[in-house]
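Raw query-v2.cif, mmCIF, C-alpha atoms and all ligand atoms:
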```cif
data_target
#
loop_
_atom_site.label_atom_id
_atom_site.label_comp_id
_atom_site.auth_asym_id
_atom_site.auth_seq_id
_atom_site.Cartn_x
_atom_site.Cartn_y
_atom_site.Cartn_z
CA MET A 1 101.28 42.75 137.42
CA ASN A 2 103.67 45.33 136.04
CA SER A 3 102.45 48.15 133.80
CA ARG A 4 103.71 46.53 130.62
CA ALA A 5 101.76 43.31 131.31
CA TYR A 6 98.68 45.34 132.27
CA LEU A 7 98.78 47.38 129.06
CA SER A 8 99.38 44.24 127.05
CA GLU A 9 96.34 42.53 128.58
CA LEU A 10 94.19 45.51 127.62
CA PHE A 11 95.54 46.43 124.21
CA SER A 12 97.81 43.74 122.73
CA LEU A 13 96.70 42.33 119.39
CA ASP A 14 99.15 39.42 119.56
CA GLY A 15 97.65 36.36 117.87
CA ARG A 16 94.92 38.36 116.10
CA VAL A 17 94.42 38.53 112.35
CA ALA A 18 93.32 41.85 110.86
CA LEU A 19 92.01 42.71 107.43
CA VAL A 20 92.24 46.38 106.51
CA THR A 21 90.71 47.62 103.25
CA GLY A 22 92.36 50.70 101.85
CA GLY A 23 95.44 49.82 103.89
CA SER A 24 97.83 51.02 101.19
CA SER A 25 97.25 54.75 101.64
CA GLY A 26 96.35 57.54 104.04
CA ILE A 27 94.31 56.63 107.12
CA GLY A 28 94.14 52.93 106.22
CA ARG A 29 97.90 52.69 105.94
CA ALA A 30 98.36 54.30 109.36
CA VAL A 31 95.71 52.04 110.89
CA SER A 32 97.37 48.95 109.37
CA GLU A 33 100.68 49.99 110.86
CA ALA A 34 99.12 50.56 114.27
CA LEU A 35 97.37 47.18 114.32
CA ALA A 36 100.46 45.36 113.04
CA ARG A 37 102.79 47.04 115.54
CA ALA A 38 100.31 46.18 118.30
CA GLY A 39 100.78 42.52 117.35
CA ALA A 40 98.21 41.61 114.69
CA ASP A 41 98.97 39.78 111.46
CA VAL A 42 97.63 42.23 108.90
CA VAL A 43 96.33 41.74 105.37
CA ILE A 44 95.65 44.91 103.41
CA VAL A 45 93.36 45.12 100.39
CA ALA A 46 93.29 47.79 97.68
CA ARG A 47 93.71 47.91 93.89
CA ARG A 48 97.16 49.35 93.10
CA LYS A 49 99.90 46.77 93.57
CA ALA A 50 102.92 49.07 93.87
CA GLU A 51 101.28 51.01 96.74
CA LEU A 52 100.22 47.76 98.43
CA ALA A 53 103.70 46.29 98.18
CA ALA A 54 105.28 49.49 99.54
CA ALA A 55 102.92 49.57 102.53
CA VAL A 56 103.52 45.90 103.35
CA GLY A 57 107.28 46.39 102.93
CA ALA A 58 107.17 49.18 105.51
CA LEU A 59 105.26 46.93 107.95
CA GLN A 60 107.77 44.13 107.48
CA GLU A 61 110.59 46.57 108.22
CA HIS A 62 108.95 47.00 111.64
CA GLY A 63 109.18 43.22 112.06
CA CYS A 64 105.43 42.72 111.52
CA ARG A 65 103.68 39.88 109.69
CA ALA A 66 101.79 41.49 106.82
CA ALA A 67 100.56 40.70 103.34
CA TRP A 68 98.56 42.33 100.59
CA VAL A 69 95.77 41.35 98.25
CA SER A 70 94.96 43.36 95.17
CA GLY A 71 91.22 43.58 94.65
CA ASP A 72 88.56 45.95 93.39
CA LEU A 73 85.93 46.55 96.06
CA SER A 74 83.60 48.41 93.68
CA THR A 75 81.95 45.20 92.50
CA ARG A 76 80.33 42.35 94.45
CA GLU A 77 82.49 39.79 92.66
CA GLY A 78 85.58 41.86 93.45
CA VAL A 79 84.68 42.01 97.14
CA ARG A 80 84.02 38.28 97.33
CA ALA A 81 87.26 37.37 95.56
CA ALA A 82 89.32 39.74 97.71
CA ALA A 83 87.70 38.44 100.90
CA GLU A 84 88.51 34.82 100.09
CA GLU A 85 92.06 35.59 99.06
CA ALA A 86 92.64 37.72 102.17
CA ALA A 87 91.24 35.02 104.49
CA GLY A 88 93.55 32.51 102.86
CA VAL A 89 96.71 34.33 103.97
CA PHE A 90 96.70 34.23 107.80
CA GLY A 91 93.23 32.71 108.32
CA GLU A 92 89.81 34.20 109.09
CA PRO A 93 90.14 37.74 110.44
CA ASP A 94 89.37 38.67 114.05
CA ILE A 95 89.48 42.35 113.13
CA LEU A 96 87.94 43.95 110.03
CA VAL A 97 88.63 47.59 109.24
CA ASN A 98 86.72 49.08 106.32
CA CYS A 99 88.78 52.07 105.29
CA ALA A 100 88.71 51.92 101.47
CA GLY A 101 86.64 54.78 100.22
CA VAL A 102 86.01 57.09 97.30
CA ASN A 103 85.22 60.74 97.58
CA LEU A 104 83.36 61.81 94.43
CA ARG A 105 81.48 64.98 95.17
CA PRO A 106 80.20 66.85 92.12
CA PRO A 107 77.65 69.60 92.84
CA MET A 108 74.33 67.98 93.79
CA GLY A 109 72.61 69.06 90.60
CA GLU A 110 75.27 67.30 88.54
CA LEU A 111 75.38 64.15 90.64
CA GLY A 112 74.67 61.33 88.21
CA GLU A 113 73.77 57.71 88.74
CA ASP A 114 77.30 56.54 87.93
CA VAL A 115 78.82 58.55 90.82
CA TRP A 116 75.99 57.48 93.12
CA ASP A 117 76.51 53.79 92.24
CA ARG A 118 80.31 53.88 92.56
CA THR A 119 80.15 55.72 95.88
CA MET A 120 77.61 53.32 97.37
CA ALA A 121 79.49 50.27 96.05
CA VAL A 122 82.87 51.09 97.59
CA ASN A 123 81.85 53.09 100.67
CA LEU A 124 78.79 51.13 101.79
CA GLU A 125 78.19 47.89 99.93
CA ALA A 126 81.75 46.53 100.29
CA PRO A 127 81.69 47.02 104.10
CA PHE A 128 78.25 45.35 104.20
CA LEU A 129 79.42 42.35 102.14
CA LEU A 130 82.63 41.97 104.13
CA GLY A 131 80.60 42.11 107.34
CA GLN A 132 78.29 39.39 106.03
CA ARG A 133 81.30 37.29 105.09
CA PHE A 134 83.26 37.66 108.34
CA GLY A 135 80.81 38.79 111.07
CA PRO A 136 79.06 35.43 111.62
CA GLY A 137 82.41 33.62 111.94
CA MET A 138 83.63 36.17 114.49
CA ALA A 139 80.40 35.66 116.45
CA GLU A 140 80.83 31.90 116.35
CA ARG A 141 84.40 32.19 117.64
CA GLY A 142 83.24 34.61 120.36
CA PHE A 143 85.50 37.53 119.46
CA GLY A 144 85.47 40.09 116.69
CA ARG A 145 86.06 43.73 116.00
CA ILE A 146 84.54 45.57 113.05
CA VAL A 147 85.58 49.18 112.49
CA HIS A 148 84.30 51.38 109.69
CA ILE A 149 85.78 54.73 108.75
CA THR A 150 83.05 57.29 108.17
CA SER A 151 83.18 61.08 107.95
CA GLN A 152 81.91 64.36 109.37
CA GLN A 153 79.56 64.18 106.42
CA ALA A 154 77.75 61.28 108.07
CA HIS A 155 76.48 63.95 110.48
CA ARG A 156 76.46 67.24 108.61
CA ALA A 157 76.46 68.57 105.05
CA LEU A 158 79.57 70.50 104.04
CA VAL A 159 81.76 71.03 100.98
CA GLN A 160 79.30 69.23 98.69
CA SER A 161 78.50 66.13 100.70
CA GLY A 162 76.44 64.65 97.85
CA ALA A 163 76.36 60.84 97.67
CA TYR A 164 79.48 60.61 99.84
CA GLY A 165 77.70 61.95 102.92
CA VAL A 166 74.78 59.60 102.30
CA SER A 167 77.10 56.58 102.06
CA LYS A 168 78.87 57.51 105.29
CA GLY A 169 75.63 58.16 107.17
CA ALA A 170 74.39 54.73 106.11
CA LEU A 171 77.70 53.17 107.14
CA GLU A 172 77.16 54.41 110.70
CA SER A 173 73.69 52.82 110.61
CA LEU A 174 75.29 49.62 109.32
CA ALA A 175 77.65 49.60 112.31
CA ARG A 176 74.66 49.84 114.66
CA SER A 177 72.81 47.02 112.85
CA GLN A 178 75.93 44.85 112.99
CA ALA A 179 76.38 45.71 116.66
CA GLU A 180 72.79 44.68 117.38
CA ALA A 181 73.33 41.37 115.61
CA TRP A 182 76.74 40.31 116.83
CA SER A 183 77.64 42.16 120.04
CA PRO A 184 75.97 39.49 122.22
CA TYR A 185 78.62 37.12 120.84
CA GLY A 186 81.70 39.22 121.53
CA VAL A 187 81.81 41.17 118.27
CA THR A 188 81.87 44.94 118.61
CA CYS A 189 81.09 47.15 115.62
CA ASN A 190 82.01 50.82 115.66
CA THR A 191 83.01 53.66 113.40
CA LEU A 192 85.91 56.09 113.52
CA VAL A 193 84.88 59.54 112.33
CA PRO A 194 87.72 61.68 110.96
CA GLY A 195 87.74 65.41 110.51
CA PHE A 196 89.72 66.76 107.59
CA VAL A 197 92.89 64.73 107.02
CA MET A 198 95.43 65.62 104.36
CA THR A 199 95.61 62.43 102.26
CA PRO A 200 95.48 61.63 98.53
CA LEU A 201 91.68 61.31 98.91
CA ASN A 202 91.08 65.02 99.12
CA THR A 203 93.63 66.60 96.81
CA ARG A 204 90.93 68.98 95.52
CA LEU A 205 90.37 70.53 98.95
CA SER A 206 93.95 70.28 100.17
CA SER A 207 95.28 72.14 97.13
CA ASP A 208 93.40 75.25 98.29
CA PRO A 209 95.37 76.81 101.19
CA ARG A 210 92.44 79.01 102.22
CA GLN A 211 90.12 75.99 102.55
CA VAL A 212 92.83 74.08 104.45
CA ALA A 213 93.25 76.96 106.90
CA ALA A 214 89.49 77.41 107.27
CA LEU A 215 89.03 73.71 108.06
CA ALA A 216 91.89 73.77 110.61
CA ALA A 217 90.22 76.79 112.26
CA ARG A 218 87.03 74.72 112.71
CA THR A 219 88.88 72.29 115.00
CA LEU A 220 89.56 72.91 118.70
CA VAL A 221 93.11 71.55 118.48
CA GLY A 222 93.93 74.10 115.79
CA ARG A 223 95.19 71.84 113.02
CA ASN A 224 93.88 69.39 110.46
CA GLY A 225 94.25 65.65 111.04
CA LEU A 226 97.18 63.39 110.29
CA ALA A 227 96.79 59.74 109.37
CA GLU A 228 98.83 58.85 112.50
CA ASP A 229 96.14 60.45 114.67
CA PHE A 230 94.04 57.29 114.13
CA ALA A 231 96.59 54.83 115.53
CA GLY A 232 95.51 54.90 119.18
CA ALA A 233 91.78 54.83 118.55
CA ALA A 234 92.17 52.00 116.03
CA VAL A 235 94.16 49.86 118.45
CA PHE A 236 91.61 50.58 121.19
CA LEU A 237 88.64 49.58 119.01
CA ALA A 238 90.47 46.44 117.82
CA SER A 239 91.54 45.33 121.28
CA ARG A 240 90.01 43.66 124.33
CA ALA A 241 89.88 47.09 125.98
CA SER A 242 86.85 48.12 123.91
CA ALA A 243 84.70 45.05 124.70
CA TYR A 244 81.88 47.23 126.09
CA VAL A 245 81.98 49.86 123.33
CA THR A 246 79.74 48.98 120.41
CA GLY A 247 77.51 50.66 117.86
CA GLN A 248 79.37 53.92 118.50
CA SER A 249 80.75 56.62 116.27
CA VAL A 250 84.06 57.77 117.73
CA CYS A 251 85.21 61.14 116.43
CA VAL A 252 88.96 61.55 115.88
CA ASP A 253 88.65 65.07 114.59
CA GLY A 254 90.50 67.52 116.84
CA GLY A 255 87.14 68.76 118.09
CA PHE A 256 85.78 69.65 114.64
CA SER A 257 82.40 68.12 115.43
CA VAL A 258 81.90 69.97 118.71
CA HIS A 259 83.06 73.40 117.63
N1 LIG A 301 91.08 62.21 104.33
C1 LIG A 301 90.03 62.73 104.95
O1 LIG A 301 89.95 63.94 105.24
C2 LIG A 301 88.88 61.85 105.32
C3 LIG A 301 87.85 62.44 106.04
C4 LIG A 301 86.76 61.67 106.40
C5 LIG A 301 86.72 60.35 106.04
N2 LIG A 301 87.73 59.78 105.34
C6 LIG A 301 87.58 58.38 104.99
O2 LIG A 301 88.73 57.67 105.39
C7 LIG A 301 88.94 56.57 104.52
C8 LIG A 301 90.38 56.60 104.01
O3 LIG A 301 90.57 57.80 103.32
P1 LIG A 301 92.01 58.39 103.02
O4 LIG A 301 91.87 59.85 103.14
O5 LIG A 301 93.03 57.67 103.78
O6 LIG A 301 92.08 58.06 101.45
P2 LIG A 301 93.24 57.53 100.47
O7 LIG A 301 94.59 57.92 100.99
O8 LIG A 301 92.83 58.01 99.12
O9 LIG A 301 93.06 55.95 100.55
C9 LIG A 301 91.97 55.31 99.98
C10 LIG A 301 92.25 53.83 99.96
O10 LIG A 301 91.11 53.13 99.43
C11 LIG A 301 91.54 52.27 98.39
N3 LIG A 301 90.45 52.12 97.40
C12 LIG A 301 89.77 53.09 96.77
N4 LIG A 301 88.89 52.57 95.90
C13 LIG A 301 89.03 51.22 96.00
C14 LIG A 301 88.42 50.12 95.33
N5 LIG A 301 87.50 50.28 94.37
N6 LIG A 301 88.80 48.86 95.65
C15 LIG A 301 89.76 48.67 96.62
N7 LIG A 301 90.36 49.67 97.27
C16 LIG A 301 90.01 50.93 96.95
C17 LIG A 301 92.77 52.99 97.80
O11 LIG A 301 93.64 52.15 97.07
P3 LIG A 301 93.56 51.96 95.46
O12 LIG A 301 93.22 53.30 94.89
O13 LIG A 301 94.87 51.43 95.07
O14 LIG A 301 92.46 50.94 95.25
C18 LIG A 301 93.43 53.48 99.08
O15 LIG A 301 94.15 52.42 99.69
C19 LIG A 301 87.89 56.68 103.41
O16 LIG A 301 86.81 55.82 103.70
C20 LIG A 301 87.44 58.11 103.51
O17 LIG A 301 86.13 58.30 103.06
C21 LIG A 301 88.81 60.50 104.96
#
```

Can you turn what I pasted into structure tokens?
Amino acid sequence: MNSRAYLSELFSLDGRVALVTGGSSGIGRAVSEALARAGADVVIVARRKAELAAAVGALQEHGCRAAWVSGDLSTREGVRAAAEEAAGVFGEPDILVNCAGVNLRPPMGELGEDVWDRTMAVNLEAPFLLGQRFGPGMAERGFGRIVHITSQQAHRALVQSGAYGVSKGALESLARSQAEAWSPYGVTCNTLVPGFVMTPLNTRLSSDPRQVAALAARTLVGRNGLAEDFAGAAVFLASRASAYVTGQSVCVDGGFSVH
């Protein structure tokens, strides 16, 4: 077997269907591109149509099969509708990546119920509902990959973690519960844990050059993250290669978490 065939056997996503929430921006957009270029048919879900169409257009320019569904994942009805529409495009997904997230972090004393509810709905409840919708089918078919995107704040409090950190900590627990339920049937469930990545999500922090430099200094690599840094780990966790990796939190953070 030549090296190309060997790599393909390990990592190719040919014939797989992937659903990526938040695939229109930042980390989700880079993950969608990685999965699509590795061979998967990719459906991305977010709210804003222009951003969705632009992201899918870029994937199609690479020769990939991709589509978008506009849906609001902050309500249960929104999640259900988006899930059905997404599954109707290329069929039931083999790979589910929960990347859509909100980052509302008022000071703890000012954290109201509205921010708490919105954070939990998008960051935690939508991944739970999508897992309930697609996990059992993956288990029945004997193959599935569920990947959640969490945060340093799942592990440590910093820069006003508030409800956000709670939602991400719970999401890592959700991955372990899903892994316990479905890994015996070929479905692995893991999380990717970013460090600080300059995306539209964190304009507040990234507009402060001193904070940006301080966060880069906390890494071992010496720079903050780029959305493209997630490509390799996403393909790995979506592929056959990761069949024996489940319930894990994989840090893609330049060493932030071990410094
Ligand atoms: N950037 C970082 O430093 C960092 C660090 C740790 C963890 N993360 C996590 O990584 C993930 C991606 O973050 P990012 O930095 O790439 O953010 P981003 O560029 O702001 O992307 C967020 C995505 O989520 C979608 N989204 C937000 N609310 C939604 C809703 N109610 N319904 C459907 N889609 C919704 C957005 O699209 P619409 O607004 O059009 O809906 C967008 O596609 C998030 O879970 C975030 O918590 C990021």

Proximity of chain A to ligand LIG 301 (chain A): per-residue shortest pair, 6 Å limit, all atoms listed in the file, as a Markdown table:
```
| residue | atom | partner | partner_atom | distance |
| --- | --- | --- | --- | --- |
| A:Gly22 | CA | A:LIG301 | O15 | 3.3 |
| A:Gly23 | CA | A:LIG301 | O15 | 5.1 |
| A:Ser24 | CA | A:LIG301 | O15 | 4.2 |
| A:Ser25 | CA | A:LIG301 | O7 | 4.2 |
| A:Gly26 | CA | A:LIG301 | O5 | 3.3 |
| A:Ile27 | CA | A:LIG301 | O5 | 3.7 |
| A:Gly28 | CA | A:LIG301 | O5 | 5.4 |
| A:Ala46 | CA | A:LIG301 | N7 | 3.5 |
| A:Arg47 | CA | A:LIG301 | O14 | 3.5 |
| A:Arg48 | CA | A:LIG301 | O13 | 3.7 |
| A:Gly71 | CA | A:LIG301 | C15 | 5.6 |
| A:Asp72 | CA | A:LIG301 | N6 | 3.7 |
| A:Leu73 | CA | A:LIG301 | N6 | 3.7 |
| A:Ser74 | CA | A:LIG301 | N5 | 4.4 |
| A:Cys99 | CA | A:LIG301 | O16 | 4.5 |
| A:Ala100 | CA | A:LIG301 | O10 | 3.4 |
| A:Gly101 | CA | A:LIG301 | O16 | 3.6 |
| A:Val102 | CA | A:LIG301 | C12 | 5.5 |
| A:Val122 | CA | A:LIG301 | N5 | 5.7 |
| A:Ile149 | CA | A:LIG301 | O16 | 5.3 |
| A:Thr150 | CA | A:LIG301 | C5 | 5.2 |
| A:Ser151 | CA | A:LIG301 | C4 | 3.9 |
| A:Pro194 | CA | A:LIG301 | C4 | 4.7 |
| A:Gly195 | CA | A:LIG301 | C3 | 5.4 |
| A:Phe196 | CA | A:LIG301 | O1 | 3.7 |
| A:Val197 | CA | A:LIG301 | O1 | 3.5 |
| A:Met198 | CA | A:LIG301 | N1 | 5.5 |
| A:Thr199 | CA | A:LIG301 | O4 | 4.6 |
| A:Pro200 | CA | A:LIG301 | O8 | 4.5 |
| A:Leu201 | CA | A:LIG301 | O8 | 3.5 |
| A:Asn202 | CA | A:LIG301 | N1 | 5.9 |
```

Selected residue of minimal separation from Glu125 in chain A among A:Leu171, A:Leu10, A:Met138, A:Val166, counting all atoms listed in the file: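 The closest residue to Glu125 in chain A is A:Leu171.
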
Separation of CA of Gln160 in chain A and CA of Leu96 in chain A, in Å?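 Separation between CA of Gln160 in chain A and CA of Leu96 in chain A: 29.0 Å.
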
In Å and to one decimal, CA of Ala55 in chain A is distant from CA of Glu172 in chain A by 27.5 Å

Give me, as a ChimeraX atom specification, all polymer residues having an atom no more than 10 Å from Val187 in chain A, counting only C-alpha atoms and skipping those fewer than 6 positions away in the same chain. /A:94-95,135-146,178-181,243-244,246

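Here the residues that fall within 9 Å of (98.1, 44.8, 116.4), using only C-alpha atoms, are given as Phe11, Ser12, Leu13, Asp14, Gly15, Arg16, Val17, Ala18, Ser32, Glu33, Ala34, Leu35, Ala36, Arg37, Ala38, Gly39, Ala40, Asp41, Val42, Val235, Ala238 and Ser239 of chain A.
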
Could you tell me, as a short mmCIF file (atom, residue, chain, number, x, y, z; two decimals) with C-alpha atoms, in the frame of the given file, which residues have any atom at most 10 Å from (87.1, 69.7, 117.4), counting only C-alpha atoms?
```
data_model
loop_
_atom_site.label_atom_id
_atom_site.label_comp_id
_atom_site.auth_asym_id
_atom_site.auth_seq_id
_atom_site.Cartn_x
_atom_site.Cartn_y
_atom_site.Cartn_z
CA GLY A 195 87.74 65.41 110.51
CA ALA A 216 91.89 73.77 110.61
CA ALA A 217 90.22 76.79 112.26
CA ARG A 218 87.03 74.72 112.71
CA THR A 219 88.88 72.29 115.00
CA LEU A 220 89.56 72.91 118.70
CA VAL A 221 93.11 71.55 118.48
CA GLY A 222 93.93 74.10 115.79
CA ARG A 223 95.19 71.84 113.02
CA ASN A 224 93.88 69.39 110.46
CA CYS A 251 85.21 61.14 116.43
CA VAL A 252 88.96 61.55 115.88
CA ASP A 253 88.65 65.07 114.59
CA GLY A 254 90.50 67.52 116.84
CA GLY A 255 87.14 68.76 118.09
CA PHE A 256 85.78 69.65 114.64
CA SER A 257 82.40 68.12 115.43
CA VAL A 258 81.90 69.97 118.71
CA HIS A 259 83.06 73.40 117.63
#
```

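Between CA of Ala213 in chain A and CA of Thr191 in chain A the separation is 26.3 Å.
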
Would you mind listing what lies within 10 Å of Arg76 in chain A as a VMD selection string, with all atoms listed in the file counted and same-chain residues fewer than 6 positions away left out? chain A and resid 82 121 to 122 125 to 126 129 to 130

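The closest residue to Ala227 in chain A, picked from A:Met120, A:Arg29, A:Arg210, A:Ala50 and counting all atoms listed in the file, is A:Arg29.
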
Given all atoms listed in the file as the basis, pick out the residue of A:Arg204, A:His148, A:Arg176, A:His155 nearest to Leu19 in chain A. A:His148

Which residue is closest to Asp229 in chain A? Choose from A:Ala67, A:Leu174, A:Leu192, A:Val97 and count all atoms listed in the file.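 Using all atoms listed in the file, the shortest distance to Asp229 in chain A belongs to A:Leu192.
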
Taking only C-alpha atoms, show range 9-86 of chain A of the given structure as a compact mmCIF listing (two decimals), in the first residue's frame.
```
# COMPACT_ATOMS: atom_id res chain seq x y z
CA GLU A 9 -7.61 4.63 4.82
CA LEU A 10 -6.88 6.40 8.10
CA PHE A 11 -8.23 9.88 7.47
CA SER A 12 -10.39 10.10 4.34
CA LEU A 13 -13.94 11.30 4.90
CA ASP A 14 -15.09 10.25 1.42
CA GLY A 15 -18.72 9.14 1.53
CA ARG A 16 -19.36 10.71 4.94
CA VAL A 17 -21.96 13.37 5.67
CA ALA A 18 -21.08 16.08 8.17
CA LEU A 19 -23.23 18.65 9.92
CA VAL A 20 -21.33 21.60 11.36
CA THR A 21 -23.17 24.19 13.45
CA GLY A 22 -21.59 27.61 13.38
CA GLY A 23 -19.91 26.64 10.11
CA SER A 24 -20.28 30.11 8.64
CA SER A 25 -17.64 31.83 10.76
CA GLY A 26 -14.38 31.47 12.65
CA ILE A 27 -13.45 28.01 13.92
CA GLY A 28 -16.60 26.37 12.51
CA ARG A 29 -15.88 27.70 9.05
CA ALA A 30 -12.33 26.34 9.15
CA VAL A 31 -13.55 22.98 10.47
CA SER A 32 -16.19 22.78 7.71
CA GLU A 33 -13.54 23.43 5.11
CA ALA A 34 -11.25 20.77 6.58
CA LEU A 35 -13.98 18.12 6.68
CA ALA A 36 -15.20 18.99 3.18
CA ARG A 37 -11.70 18.97 1.68
CA ALA A 38 -11.08 15.61 3.39
CA GLY A 39 -14.06 14.26 1.42
CA ALA A 40 -17.23 14.79 3.48
CA ASP A 41 -20.44 16.29 2.17
CA VAL A 42 -20.95 19.17 4.58
CA VAL A 43 -24.06 21.00 5.72
CA ILE A 44 -23.47 24.10 7.81
CA VAL A 45 -26.05 25.66 10.12
CA ALA A 46 -26.14 29.21 11.50
CA ARG A 47 -28.54 32.17 11.37
CA ARG A 48 -27.14 34.76 8.94
CA LYS A 49 -27.77 33.78 5.33
CA ALA A 50 -25.16 35.96 3.61
CA GLU A 51 -22.36 34.50 5.76
CA LEU A 52 -23.68 30.96 5.22
CA ALA A 53 -23.84 31.42 1.46
CA ALA A 54 -20.32 32.89 1.37
CA ALA A 55 -18.89 29.97 3.36
CA VAL A 56 -20.62 27.37 1.17
CA GLY A 57 -19.50 29.23 -1.97
CA ALA A 58 -15.89 28.99 -0.79
CA LEU A 59 -16.27 25.24 -0.19
CA GLN A 60 -17.76 24.73 -3.63
CA GLU A 61 -14.82 26.60 -5.14
CA HIS A 62 -12.65 23.84 -3.67
CA GLY A 63 -14.83 21.33 -5.54
CA CYS A 64 -16.60 20.17 -2.36
CA ARG A 65 -20.25 19.20 -1.92
CA ALA A 66 -21.68 21.63 0.63
CA ALA A 67 -24.95 23.26 1.57
CA TRP A 68 -26.31 25.57 4.22
CA VAL A 69 -29.36 25.75 6.43
CA SER A 70 -30.36 28.93 8.20
CA GLY A 71 -31.62 28.18 11.69
CA ASP A 72 -31.65 29.63 15.17
CA LEU A 73 -30.17 27.17 17.66
CA SER A 74 -31.22 29.24 20.69
CA THR A 75 -34.65 27.62 20.83
CA ARG A 76 -35.69 23.95 20.95
CA GLU A 77 -38.01 24.43 17.98
CA GLY A 78 -35.21 26.13 16.07
CA VAL A 79 -32.83 23.25 16.75
CA ARG A 80 -35.39 20.64 15.71
CA ALA A 81 -36.29 22.46 12.49
CA ALA A 82 -32.64 23.02 11.55
CA ALA A 83 -31.78 19.38 12.28
CA GLU A 84 -34.54 18.05 10.02
CA GLU A 85 -33.71 20.46 7.21
CA ALA A 86 -29.99 19.67 7.46
```
